[in-house]
>>> print(open('structure_18.cif').read())   # mmCIF, C-alpha atoms and all ligand atoms
data_my_file
#
loop_
_atom_site.label_atom_id
_atom_site.label_comp_id
_atom_site.auth_asym_id
_atom_site.auth_seq_id
_atom_site.Cartn_x
_atom_site.Cartn_y
_atom_site.Cartn_z
CA MET U 143 8.21 36.16 2.54
CA HIS U 144 8.19 36.83 -1.20
CA PHE U 145 7.26 33.91 -3.49
CA ASP U 146 8.45 33.83 -7.12
CA ILE U 147 5.61 32.47 -9.21
CA HIS U 148 6.41 30.45 -12.34
CA PRO U 149 3.10 29.13 -13.69
CA ASN U 150 3.17 25.66 -15.23
CA PRO U 151 3.49 26.22 -19.02
CA ALA U 152 1.67 22.93 -19.72
CA PRO U 153 -1.11 22.41 -17.13
CA LEU U 154 -3.31 19.32 -17.47
CA PRO U 155 -6.05 20.10 -20.03
CA GLU U 156 -9.44 20.76 -18.46
CA ALA U 157 -11.09 17.80 -20.21
CA ASP U 158 -8.51 15.41 -18.70
CA ARG U 159 -9.00 16.91 -15.25
CA VAL U 160 -12.79 16.59 -15.48
CA GLU U 161 -12.39 12.96 -16.55
CA ALA U 162 -9.99 12.24 -13.66
CA PHE U 163 -12.42 13.84 -11.19
CA LYS U 164 -15.08 11.22 -12.04
CA ALA U 165 -13.40 8.53 -9.93
CA LEU U 166 -11.32 10.16 -7.23
CA GLY U 167 -9.45 7.82 -4.93
CA PHE U 168 -6.69 8.83 -2.52
CA GLY U 169 -3.28 10.19 -3.41
CA THR U 170 -2.81 9.18 -7.03
CA LEU U 171 -3.67 12.39 -8.90
CA PHE U 172 -1.68 15.61 -8.46
CA THR U 173 -2.17 19.27 -9.35
CA ASP U 174 -0.07 21.36 -11.74
CA HIS U 175 2.04 23.24 -9.18
CA MET U 176 4.08 22.91 -6.01
CA VAL U 177 5.64 25.23 -3.45
CA VAL U 178 9.36 24.99 -2.74
CA ILE U 179 11.24 26.92 -0.04
CA ARG U 180 14.86 26.26 0.90
CA TRP U 181 16.69 26.52 4.21
CA THR U 182 20.43 26.86 4.51
CA GLU U 183 22.37 27.14 7.76
CA GLY U 184 23.46 30.73 8.33
CA ARG U 185 20.90 32.04 5.84
CA GLY U 186 17.59 30.66 7.02
CA TRP U 187 14.54 30.26 4.76
CA HIS U 188 14.96 31.58 1.23
CA SER U 189 14.14 31.16 -2.47
CA ALA U 190 10.39 30.62 -1.99
CA GLN U 191 8.66 29.76 -5.22
CA ILE U 192 5.58 28.28 -6.81
CA THR U 193 6.53 26.26 -9.86
CA ALA U 194 5.33 23.47 -12.11
CA ARG U 195 5.22 20.23 -10.10
CA ALA U 196 8.44 18.39 -11.00
CA PRO U 197 10.92 15.83 -9.63
CA PHE U 198 13.79 16.94 -7.36
CA PRO U 199 17.27 16.11 -8.61
CA LEU U 200 18.91 14.52 -5.54
CA ASP U 201 22.54 13.68 -4.91
CA PRO U 202 22.78 10.00 -3.88
CA ALA U 203 24.29 11.16 -0.58
CA THR U 204 21.31 13.38 0.25
CA SER U 205 20.86 12.97 3.97
CA VAL U 206 17.13 12.13 3.96
CA LEU U 207 17.78 9.07 1.78
CA HIS U 208 20.00 7.63 4.51
CA TYR U 209 18.77 8.86 7.87
CA ALA U 210 15.12 9.73 7.13
CA GLN U 211 15.14 13.25 8.54
CA GLU U 212 11.70 14.12 7.14
CA ILE U 213 8.38 15.42 8.44
CA PHE U 214 5.01 16.12 6.85
CA GLU U 215 1.48 17.36 7.37
CA GLY U 216 -1.91 16.40 5.93
CA MET U 217 -4.75 18.91 5.51
CA LYS U 218 -7.62 19.56 3.12
CA ALA U 219 -9.14 22.43 1.12
CA TYR U 220 -12.91 22.25 0.52
CA ARG U 221 -15.13 23.96 -2.04
CA GLN U 222 -18.12 25.34 -0.16
CA PRO U 223 -21.43 26.61 -1.58
CA GLY U 224 -20.91 29.87 -3.49
CA ASN U 225 -17.50 28.63 -4.70
CA ARG U 226 -15.79 29.62 -1.48
CA ILE U 227 -12.60 27.61 -0.95
CA VAL U 228 -11.68 27.01 2.67
CA LEU U 229 -9.08 25.30 4.83
CA PHE U 230 -9.90 23.59 8.12
CA ARG U 231 -7.83 24.70 11.14
CA PRO U 232 -4.65 25.26 9.09
CA ASP U 233 -2.98 26.99 12.05
CA GLU U 234 -3.12 23.66 13.91
CA ASN U 235 -1.19 21.98 11.09
CA ALA U 236 1.36 24.81 11.08
CA GLY U 237 1.88 24.40 14.83
CA ARG U 238 2.13 20.60 14.67
CA PHE U 239 4.58 20.85 11.77
CA ASN U 240 6.95 22.85 13.97
CA ALA U 241 6.48 20.46 16.89
CA SER U 242 7.54 17.66 14.52
CA ALA U 243 10.47 19.80 13.28
CA ARG U 244 11.73 20.30 16.86
CA ARG U 245 11.59 16.57 17.58
CA MET U 246 13.49 15.76 14.39
CA ALA U 247 16.14 18.47 14.98
CA MET U 248 15.00 20.40 11.90
CA PRO U 249 14.54 24.17 11.50
CA GLU U 250 11.09 25.54 12.31
CA LEU U 251 9.17 27.28 9.54
CA PRO U 252 7.42 30.47 10.73
CA GLU U 253 3.72 29.65 10.97
CA GLU U 254 2.76 32.56 8.73
CA VAL U 255 5.08 31.23 6.00
CA PHE U 256 3.56 27.75 6.28
CA LEU U 257 0.05 29.21 6.01
CA ASP U 258 0.98 31.54 3.17
CA ALA U 259 2.61 28.69 1.23
CA VAL U 260 -0.44 26.45 1.56
CA GLN U 261 -2.90 29.23 0.68
CA LYS U 262 -0.87 30.38 -2.32
CA LEU U 263 -0.73 26.85 -3.71
CA VAL U 264 -4.48 26.37 -3.29
CA ALA U 265 -5.14 29.71 -4.98
CA GLN U 266 -2.80 28.80 -7.87
CA ASP U 267 -4.42 25.37 -8.29
CA ALA U 268 -7.97 26.45 -7.39
CA VAL U 269 -9.50 24.60 -10.37
CA TRP U 270 -8.24 21.40 -8.73
CA VAL U 271 -10.46 21.72 -5.65
CA PRO U 272 -13.30 19.26 -6.36
CA GLU U 273 -16.95 20.02 -5.74
CA GLY U 274 -19.29 17.83 -3.71
CA GLU U 275 -17.79 15.08 -1.59
CA GLY U 276 -14.22 15.44 -2.79
CA SER U 277 -11.52 17.74 -1.44
CA LEU U 278 -7.99 18.87 -2.22
CA TYR U 279 -5.56 17.04 0.07
CA LEU U 280 -2.51 19.15 0.82
CA ARG U 281 0.81 17.62 1.73
CA PRO U 282 3.34 20.07 3.19
CA PHE U 283 6.63 18.31 3.96
CA MET U 284 10.27 19.03 4.74
CA PHE U 285 13.38 16.93 4.25
CA ALA U 286 17.13 17.09 4.84
CA SER U 287 18.58 17.97 1.44
CA GLU U 288 22.27 18.27 2.32
CA ALA U 289 24.56 15.74 0.61
CA PHE U 290 26.44 14.41 3.64
CA LEU U 291 26.82 10.97 5.19
CA GLY U 292 27.78 11.98 8.71
CA VAL U 293 25.11 11.42 11.33
CA ARG U 294 24.02 14.86 12.59
CA PRO U 295 21.17 17.29 11.82
CA ALA U 296 21.54 18.43 8.21
CA ARG U 297 22.52 21.98 7.29
CA GLU U 298 20.18 22.26 4.30
CA TYR U 299 16.48 21.50 3.99
CA ILE U 300 13.71 21.74 1.42
CA PHE U 301 10.14 22.57 2.40
CA CYS U 302 7.61 21.63 -0.26
CA VAL U 303 3.83 21.54 -0.62
CA ILE U 304 2.07 19.34 -3.16
CA ALA U 305 -1.67 18.87 -3.60
CA SER U 306 -3.87 15.96 -4.62
CA PRO U 307 -7.62 15.95 -5.30
CA VAL U 308 -9.09 13.10 -3.26
CA GLY U 309 -12.25 11.10 -2.67
CA PRO U 310 -12.73 8.47 0.05
CA TYR U 311 -9.62 7.03 1.77
CA PHE U 312 -11.13 3.58 2.21
CA LYS U 313 -12.27 1.65 -0.87
CA GLY U 314 -15.53 0.67 0.83
CA GLY U 315 -16.50 4.35 1.19
CA GLU U 316 -18.60 4.84 4.31
CA LYS U 317 -18.88 1.16 5.21
CA ALA U 318 -17.51 0.26 8.64
CA VAL U 319 -13.90 -0.90 8.46
CA THR U 320 -12.24 -4.02 9.83
CA ILE U 321 -9.03 -3.48 11.74
CA TRP U 322 -6.12 -5.69 12.67
CA ALA U 323 -4.71 -5.49 16.19
CA SER U 324 -1.00 -6.10 15.80
CA GLN U 325 0.57 -8.10 18.59
CA ALA U 326 3.90 -8.53 16.79
CA TYR U 327 4.67 -4.90 16.04
CA THR U 328 4.43 -1.62 17.89
CA ARG U 329 4.47 1.90 16.46
CA ALA U 330 6.18 4.07 19.03
CA ALA U 331 7.78 3.90 22.46
CA THR U 332 8.01 6.50 25.22
CA GLY U 333 10.70 9.01 24.30
CA GLY U 334 10.46 8.06 20.63
CA THR U 335 8.86 9.87 17.71
CA GLY U 336 5.23 8.73 18.06
CA ALA U 337 3.87 12.25 18.55
CA ALA U 338 5.79 13.63 15.55
CA LYS U 339 4.51 13.35 12.01
CA CYS U 340 7.75 11.97 10.57
CA GLY U 341 8.08 9.63 7.62
CA GLY U 342 9.93 7.03 9.70
CA ASN U 343 6.83 6.34 11.82
CA TYR U 344 4.98 5.31 8.69
CA ALA U 345 7.90 3.25 7.35
CA ALA U 346 7.90 1.32 10.62
CA SER U 347 4.13 0.79 10.42
CA LEU U 348 4.07 -0.67 6.91
CA ILE U 349 4.83 -4.26 7.88
CA ALA U 350 1.95 -4.16 10.38
CA GLN U 351 -0.30 -2.61 7.74
CA ALA U 352 0.74 -5.40 5.34
CA GLU U 353 -0.09 -7.93 8.07
CA ALA U 354 -3.50 -6.24 8.41
CA SER U 355 -4.13 -6.52 4.65
CA ALA U 356 -3.05 -10.15 4.65
CA HIS U 357 -5.76 -10.76 7.29
CA GLY U 358 -8.39 -9.00 5.19
CA CYS U 359 -8.31 -5.84 7.33
CA ASP U 360 -8.40 -2.20 6.20
CA GLN U 361 -6.08 -0.77 8.86
CA VAL U 362 -3.85 -1.75 11.73
CA VAL U 363 -4.41 -0.69 15.35
CA PHE U 364 -1.32 -0.49 17.56
CA LEU U 365 -0.97 -1.35 21.23
CA ASP U 366 1.56 0.36 23.50
CA ALA U 367 5.18 -0.75 23.28
CA ALA U 368 5.77 -1.27 27.02
CA GLU U 369 2.92 -3.59 28.00
CA ARG U 370 1.36 -4.48 24.64
CA ARG U 371 -1.92 -3.85 26.36
CA TRP U 372 -3.16 -0.29 25.87
CA VAL U 373 -4.85 0.74 22.64
CA GLU U 374 -2.93 3.62 21.05
CA GLU U 375 -4.00 4.52 17.51
CA LEU U 376 -4.26 3.22 13.97
CA GLY U 377 -1.50 3.45 11.36
CA GLY U 378 -2.85 6.80 10.18
CA MET U 379 -5.81 7.66 12.43
CA ASN U 380 -6.80 8.21 16.05
CA VAL U 381 -9.41 5.99 17.69
CA PHE U 382 -12.55 6.61 19.81
CA PHE U 383 -14.86 4.29 21.77
CA VAL U 384 -18.58 4.83 22.45
CA PHE U 385 -20.34 3.16 25.40
CA LYS U 386 -23.95 2.14 25.94
CA ASP U 387 -24.59 5.09 28.27
CA GLY U 388 -23.54 7.47 25.45
CA SER U 389 -20.15 8.37 26.94
CA VAL U 390 -17.10 8.47 24.70
CA ILE U 391 -13.39 7.92 25.38
CA THR U 392 -10.16 8.25 23.39
CA PRO U 393 -6.60 7.34 24.43
CA PRO U 394 -4.69 10.22 26.05
CA LEU U 395 -1.78 12.05 24.41
CA THR U 396 1.13 10.56 26.30
CA GLY U 397 3.77 11.23 23.66
CA THR U 398 3.45 7.99 21.73
CA ILE U 399 0.44 8.90 19.55
CA LEU U 400 -0.15 11.69 17.06
CA PRO U 401 -2.18 14.61 18.45
CA GLY U 402 -4.81 14.53 15.70
CA ILE U 403 -6.60 17.69 14.68
CA THR U 404 -9.71 15.68 13.79
CA ARG U 405 -9.48 14.06 17.24
CA LYS U 406 -9.28 17.45 18.95
CA SER U 407 -12.16 18.84 16.86
CA LEU U 408 -14.43 15.85 17.50
CA MET U 409 -13.76 16.07 21.23
CA GLN U 410 -14.92 19.68 21.18
CA LEU U 411 -17.98 18.96 19.01
CA ALA U 412 -19.00 16.01 21.18
CA SER U 413 -18.50 17.88 24.40
CA ASP U 414 -20.48 20.91 23.14
CA ALA U 415 -23.29 18.55 22.11
CA GLY U 416 -23.50 17.39 25.75
CA THR U 417 -21.59 14.11 25.37
CA ALA U 418 -19.44 13.00 28.31
CA ILE U 419 -16.02 12.67 26.68
CA GLU U 420 -12.81 11.66 28.35
CA GLU U 421 -9.18 10.95 27.46
CA ARG U 422 -8.50 7.67 29.18
CA PRO U 423 -6.30 4.62 28.55
CA TYR U 424 -8.28 1.62 27.28
CA ALA U 425 -6.91 -1.91 27.41
CA PHE U 426 -7.28 -4.25 24.46
CA ASP U 427 -8.67 -7.07 26.62
CA GLN U 428 -11.22 -4.63 28.08
CA TRP U 429 -12.21 -3.60 24.55
CA GLN U 430 -12.87 -7.24 23.71
CA ALA U 431 -14.82 -7.85 26.93
CA ASP U 432 -16.90 -4.67 26.53
CA ALA U 433 -17.72 -5.50 22.91
CA ALA U 434 -18.86 -8.97 24.01
CA SER U 435 -20.96 -7.72 26.93
CA GLY U 436 -22.57 -4.94 24.90
CA HIS U 437 -21.15 -2.23 27.19
CA LEU U 438 -19.20 -0.92 24.16
CA VAL U 439 -21.55 -0.11 21.29
CA GLU U 440 -19.39 1.75 18.74
CA ALA U 441 -15.78 2.48 17.87
CA PHE U 442 -14.44 4.75 15.16
CA ALA U 443 -11.23 5.97 13.59
CA CYS U 444 -10.63 9.58 12.58
CA GLY U 445 -8.12 11.65 10.67
CA THR U 446 -7.85 14.15 7.86
CA ALA U 447 -7.56 11.52 5.12
CA ALA U 448 -10.09 9.06 6.55
CA VAL U 449 -12.47 11.66 8.11
CA VAL U 450 -14.55 9.53 10.53
CA ALA U 451 -14.81 5.79 9.85
CA GLY U 452 -16.82 3.33 11.91
CA ILE U 453 -14.94 0.24 13.08
CA GLY U 454 -17.16 -2.80 12.62
CA LYS U 455 -14.84 -5.66 13.39
CA VAL U 456 -11.47 -6.28 15.07
CA ARG U 457 -9.23 -9.22 14.18
CA HIS U 458 -6.19 -10.42 16.11
CA ASP U 459 -4.00 -13.47 16.51
CA GLY U 460 -6.57 -15.12 18.76
CA GLY U 461 -9.69 -14.53 16.65
CA GLU U 462 -12.02 -11.64 16.01
CA PHE U 463 -14.88 -9.68 17.56
CA LEU U 464 -17.72 -7.51 16.31
CA ILE U 465 -18.53 -4.08 17.64
CA GLY U 466 -22.27 -3.57 17.99
CA ASP U 467 -23.89 -4.97 14.86
CA GLY U 468 -20.71 -4.42 12.83
CA GLN U 469 -22.11 -1.32 11.12
CA THR U 470 -21.26 2.34 11.57
CA GLY U 471 -23.26 3.42 14.65
CA PRO U 472 -25.45 6.48 15.24
CA VAL U 473 -23.02 8.39 17.49
CA THR U 474 -20.24 7.93 14.92
CA ARG U 475 -22.57 9.07 12.12
CA ARG U 476 -23.73 12.12 14.08
CA LEU U 477 -20.18 13.20 14.89
CA ARG U 478 -19.07 12.70 11.29
CA GLU U 479 -22.02 14.75 10.09
CA ALA U 480 -21.30 17.57 12.56
CA LEU U 481 -17.68 17.76 11.42
CA VAL U 482 -18.27 17.40 7.69
CA SER U 483 -21.15 19.90 7.56
CA LEU U 484 -18.96 22.48 9.29
CA GLN U 485 -16.07 21.86 6.87
CA ARG U 486 -18.40 22.05 3.88
CA GLY U 487 -20.18 25.23 4.98
CA GLN U 488 -23.51 23.49 5.55
CA SER U 489 -23.57 24.47 9.22
CA ASN U 490 -22.33 27.38 11.29
CA ASP U 491 -18.75 27.58 12.41
CA PRO U 492 -18.93 29.04 15.94
CA TYR U 493 -15.29 28.11 16.55
CA GLY U 494 -13.70 29.99 13.65
CA TRP U 495 -12.14 26.73 12.42
CA VAL U 496 -12.81 27.38 8.74
CA ARG U 497 -10.50 29.80 6.96
CA THR U 498 -11.38 31.22 3.54
CA ILE U 499 -8.60 31.35 0.93
CA GLY U 500 -7.98 34.60 -0.87
N1 LIG U 601 -2.61 9.39 13.76
C1 LIG U 601 -1.76 9.20 12.75
C2 LIG U 601 -0.65 8.23 12.92
C3 LIG U 601 -1.93 9.94 11.56
O1 LIG U 601 -1.10 9.75 10.54
C4 LIG U 601 -2.99 10.84 11.45
C5 LIG U 601 -3.21 11.60 10.22
O2 LIG U 601 -2.70 12.66 10.05
C6 LIG U 601 -3.85 11.01 12.54
C7 LIG U 601 -3.63 10.26 13.68
C8 LIG U 601 -4.97 11.99 12.51
O3 LIG U 601 -4.51 13.30 12.55
P1 LIG U 601 -5.34 14.49 11.91
O4 LIG U 601 -6.71 14.37 12.46
O5 LIG U 601 -4.65 15.72 12.35
O6 LIG U 601 -5.31 14.29 10.43
C1 LIG U 602 -3.68 12.17 7.08
O1 LIG U 602 -4.80 11.85 7.46
O2 LIG U 602 -3.43 13.31 6.66
C2 LIG U 602 -2.55 11.25 7.12
O3 LIG U 602 -1.45 11.67 7.04
C3 LIG U 602 -2.80 9.83 7.25
C4 LIG U 602 -2.26 9.02 6.12
C5 LIG U 602 -2.72 7.61 6.36
C6 LIG U 602 -2.69 9.47 4.77
#
>>> encode(input="structure_18.cif", output="structure tokens")
Amino acid sequence: MHFDIHPNPAPLPEADRVEAFKALGFGTLFTDHMVVIRWTEGRGWHSAQITARAPFPLDPATSVLHYAQEIFEGMKAYRQPGNRIVLFRPDENAGRFNASARRMAMPELPEEVFLDAVQKLVAQDAVWVPEGEGSLYLRPFMFASEAFLGVRPAREYIFCVIASPVGPYFKGGEKAVTIWASQAYTRAATGGTGAAKCGGNYAASLIAQAEASAHGCDQVVFLDAAERRWVEELGGMNVFFVFKDGSVITPPLTGTILPGITRKSLMQLASDAGTAIEERPYAFDQWQADAASGHLVEAFACGTAAVVAGIGKVRHDGGEFLIGDGQTGPVTRRLREALVSLQRGQSNDPYGWVRTIG
């Protein structure tokens, strides 16, 4: 697909960018450009362009504002030694984006167009890829742009990619996080949208995340909707458990949790390092009992934004419990190191996960 390129006539001056890079947080700073591609029924994808990042003028009846037909992805570009800029498993994001599109009755975007769009934006905004620990977080998304109030799949969509240079997701950096187990709210039910990366899932999780914050926790962990018993995932991360014998488990993909690319990658890395790793349901009461008995020694959360974060403490309506000594454990640290060093070009990539831009 051809992309019209209209460079931003007034990019952020270099001095301002350098200043902003000194204290990178998550999701507050944005690059100079964006990708926009339109879809119209009967015509398909068209009018691909890279332009100055700017607001969308939206009719008040625009479908997404009423019925939330929207999906997104989250991925990162890294600056490796020798100034090589790479993406991590971008084909996985392209595939998941279309799985989300199917679930939300939206048109699929050919994977090569998704990949081209992301790579072109990174190339255009290459000066925005931080060095060192930072990375350029990429947010491809699609929404129903037709102005229509009837309830049916829209006939017009906009696909867009924006980019944001980021540092750590959690304010405490690499310190183990405290999580809130929500008993009042669930995230997704069987047959629902839990496995899709749609905006509505996050809207529904915000009250539980607010409840977590009110209890001094960094993130919320959800239990299943049917029995309120099985640990599913965090608001924006998958979860793993490490036992005393060195074995590791993570909840299975039963349709109610997001199939994380970090999750899939860590499973492979752990398994190739000789760790016994299994996808298995884990009950919240068992988690509590195993933490108390010392059978469970570590737990961690993982995702593109958060990378790999040790879980030190769990709070819930009935109290709280520590995991191990409440610090990030050695298995968690080793897995994080294996993943990060591969992404940053400090170790070999036998899997072909890292894709160079350009
Ligand atoms: N679970 C949820 C609900 C998420 O939002 C994310 C983040 O994208 C993940 C898990 C982790 O997925 P990934 O590792 O592909 O970023
Ligand atoms: C990501 O990790 O890409 C996500 O979408 C999670 C979100 C909490 C930022």
>>> atom_distance(input="structure_18.cif", atom1="CA of Pro151 in chain U", atom2="CA of Asp267 in chain U")
13.4 Å
>>> closest_residue(input="structure_18.cif", among="U:Ala448, U:Ala203, U:Ile499, U:Ile453", to="ligand LIG 602 (chain U)", atoms="all atoms listed in the file")
U:Ala448
>>> residues_near_ligand(input="structure_18.cif", ligand="ligand LIG 602 (chain U)", cutoff="9 Å", atoms="all atoms listed in the file", output="JSON list (two decimals) with C-alpha atoms, in the coordinates of the input")
[["chain", "number", "residue", "atom", "x", "y", "z"],
["U", 168, "PHE", "CA", -6.69, 8.83, -2.52],
["U", 169, "GLY", "CA", -3.28, 10.19, -3.41],
["U", 214, "PHE", "CA", 5.01, 16.12, 6.85],
["U", 215, "GLU", "CA", 1.48, 17.36, 7.37],
["U", 216, "GLY", "CA", -1.91, 16.40, 5.93],
["U", 217, "MET", "CA", -4.75, 18.91, 5.51],
["U", 218, "LYS", "CA", -7.62, 19.56, 3.12],
["U", 279, "TYR", "CA", -5.56, 17.04, 0.07],
["U", 280, "LEU", "CA", -2.51, 19.15, 0.82],
["U", 281, "ARG", "CA", 0.81, 17.62, 1.73],
["U", 311, "TYR", "CA", -9.62, 7.03, 1.77],
["U", 339, "LYS", "CA", 4.51, 13.35, 12.01],
["U", 344, "TYR", "CA", 4.98, 5.31, 8.69],
["U", 376, "LEU", "CA", -4.26, 3.22, 13.97],
["U", 377, "GLY", "CA", -1.50, 3.45, 11.36],
["U", 378, "GLY", "CA", -2.85, 6.80, 10.18],
["U", 379, "MET", "CA", -5.81, 7.66, 12.43],
["U", 402, "GLY", "CA", -4.81, 14.53, 15.70],
["U", 404, "THR", "CA", -9.71, 15.68, 13.79],
["U", 444, "CYS", "CA", -10.63, 9.58, 12.58],
["U", 445, "GLY", "CA", -8.12, 11.65, 10.67],
["U", 446, "THR", "CA", -7.85, 14.15, 7.86],
["U", 447, "ALA", "CA", -7.56, 11.52, 5.12],
["U", 448, "ALA", "CA", -10.09, 9.06, 6.55],
["U", 449, "VAL", "CA", -12.47, 11.66, 8.11]]
>>> closest_residue(input="structure_18.cif", among="U:Thr170, U:Thr328, U:Ser189, U:Asn235", to="ligand LIG 601 (chain U)", atoms="only C-alpha atoms and all ligand atoms")
U:Asn235
>>> residues_around(input="structure_18.cif", residues="range 465-477 of chain U", least_positions_apart="5", cutoff="12 Å", atoms="all atoms listed in the file", output="VMD selection string")
chain U and resid 315 to 321 381 to 390 404 to 405 407 to 415 417 429 to 444 449 to 457 482 to 484
>>> write_last_selection(input="structure_18.cif", atoms="C-alpha atoms", output="tab-separated table (two decimals), keeping the file's coordinate frame")
chain	number	residue	atom	x	y	z
U	315	GLY	CA	-16.50	4.35	1.19
U	316	GLU	CA	-18.60	4.84	4.31
U	317	LYS	CA	-18.88	1.16	5.21
U	318	ALA	CA	-17.51	0.26	8.64
U	319	VAL	CA	-13.90	-0.90	8.46
U	320	THR	CA	-12.24	-4.02	9.83
U	321	ILE	CA	-9.03	-3.48	11.74
U	381	VAL	CA	-9.41	5.99	17.69
U	382	PHE	CA	-12.55	6.61	19.81
U	383	PHE	CA	-14.86	4.29	21.77
U	384	VAL	CA	-18.58	4.83	22.45
U	385	PHE	CA	-20.34	3.16	25.40
U	386	LYS	CA	-23.95	2.14	25.94
U	387	ASP	CA	-24.59	5.09	28.27
U	388	GLY	CA	-23.54	7.47	25.45
U	389	SER	CA	-20.15	8.37	26.94
U	390	VAL	CA	-17.10	8.47	24.70
U	404	THR	CA	-9.71	15.68	13.79
U	405	ARG	CA	-9.48	14.06	17.24
U	407	SER	CA	-12.16	18.84	16.86
U	408	LEU	CA	-14.43	15.85	17.50
U	409	MET	CA	-13.76	16.07	21.23
U	410	GLN	CA	-14.92	19.68	21.18
U	411	LEU	CA	-17.98	18.96	19.01
U	412	ALA	CA	-19.00	16.01	21.18
U	413	SER	CA	-18.50	17.88	24.40
U	414	ASP	CA	-20.48	20.91	23.14
U	415	ALA	CA	-23.29	18.55	22.11
U	417	THR	CA	-21.59	14.11	25.37
U	429	TRP	CA	-12.21	-3.60	24.55
U	430	GLN	CA	-12.87	-7.24	23.71
U	431	ALA	CA	-14.82	-7.85	26.93
U	432	ASP	CA	-16.90	-4.67	26.53
U	433	ALA	CA	-17.72	-5.50	22.91
U	434	ALA	CA	-18.86	-8.97	24.01
U	435	SER	CA	-20.96	-7.72	26.93
U	436	GLY	CA	-22.57	-4.94	24.90
U	437	HIS	CA	-21.15	-2.23	27.19
U	438	LEU	CA	-19.20	-0.92	24.16
U	439	VAL	CA	-21.55	-0.11	21.29
U	440	GLU	CA	-19.39	1.75	18.74
U	441	ALA	CA	-15.78	2.48	17.87
U	442	PHE	CA	-14.44	4.75	15.16
U	443	ALA	CA	-11.23	5.97	13.59
U	444	CYS	CA	-10.63	9.58	12.58
U	449	VAL	CA	-12.47	11.66	8.11
U	450	VAL	CA	-14.55	9.53	10.53
U	451	ALA	CA	-14.81	5.79	9.85
U	452	GLY	CA	-16.82	3.33	11.91
U	453	ILE	CA	-14.94	0.24	13.08
U	454	GLY	CA	-17.16	-2.80	12.62
U	455	LYS	CA	-14.84	-5.66	13.39
U	456	VAL	CA	-11.47	-6.28	15.07
U	457	ARG	CA	-9.23	-9.22	14.18
U	482	VAL	CA	-18.27	17.40	7.69
U	483	SER	CA	-21.15	19.90	7.56
U	484	LEU	CA	-18.96	22.48	9.29
>>> axis_aligned_box(input="structure_18.cif", around="ligand LIG 601 (chain U)", padding_each_side="5 Å", output="lines of an AutoDock Vina configuration file")
center_x = -3.7
center_y = 12.0
center_z = 11.9
size_x = 16.1
size_y = 17.5
size_z = 13.7
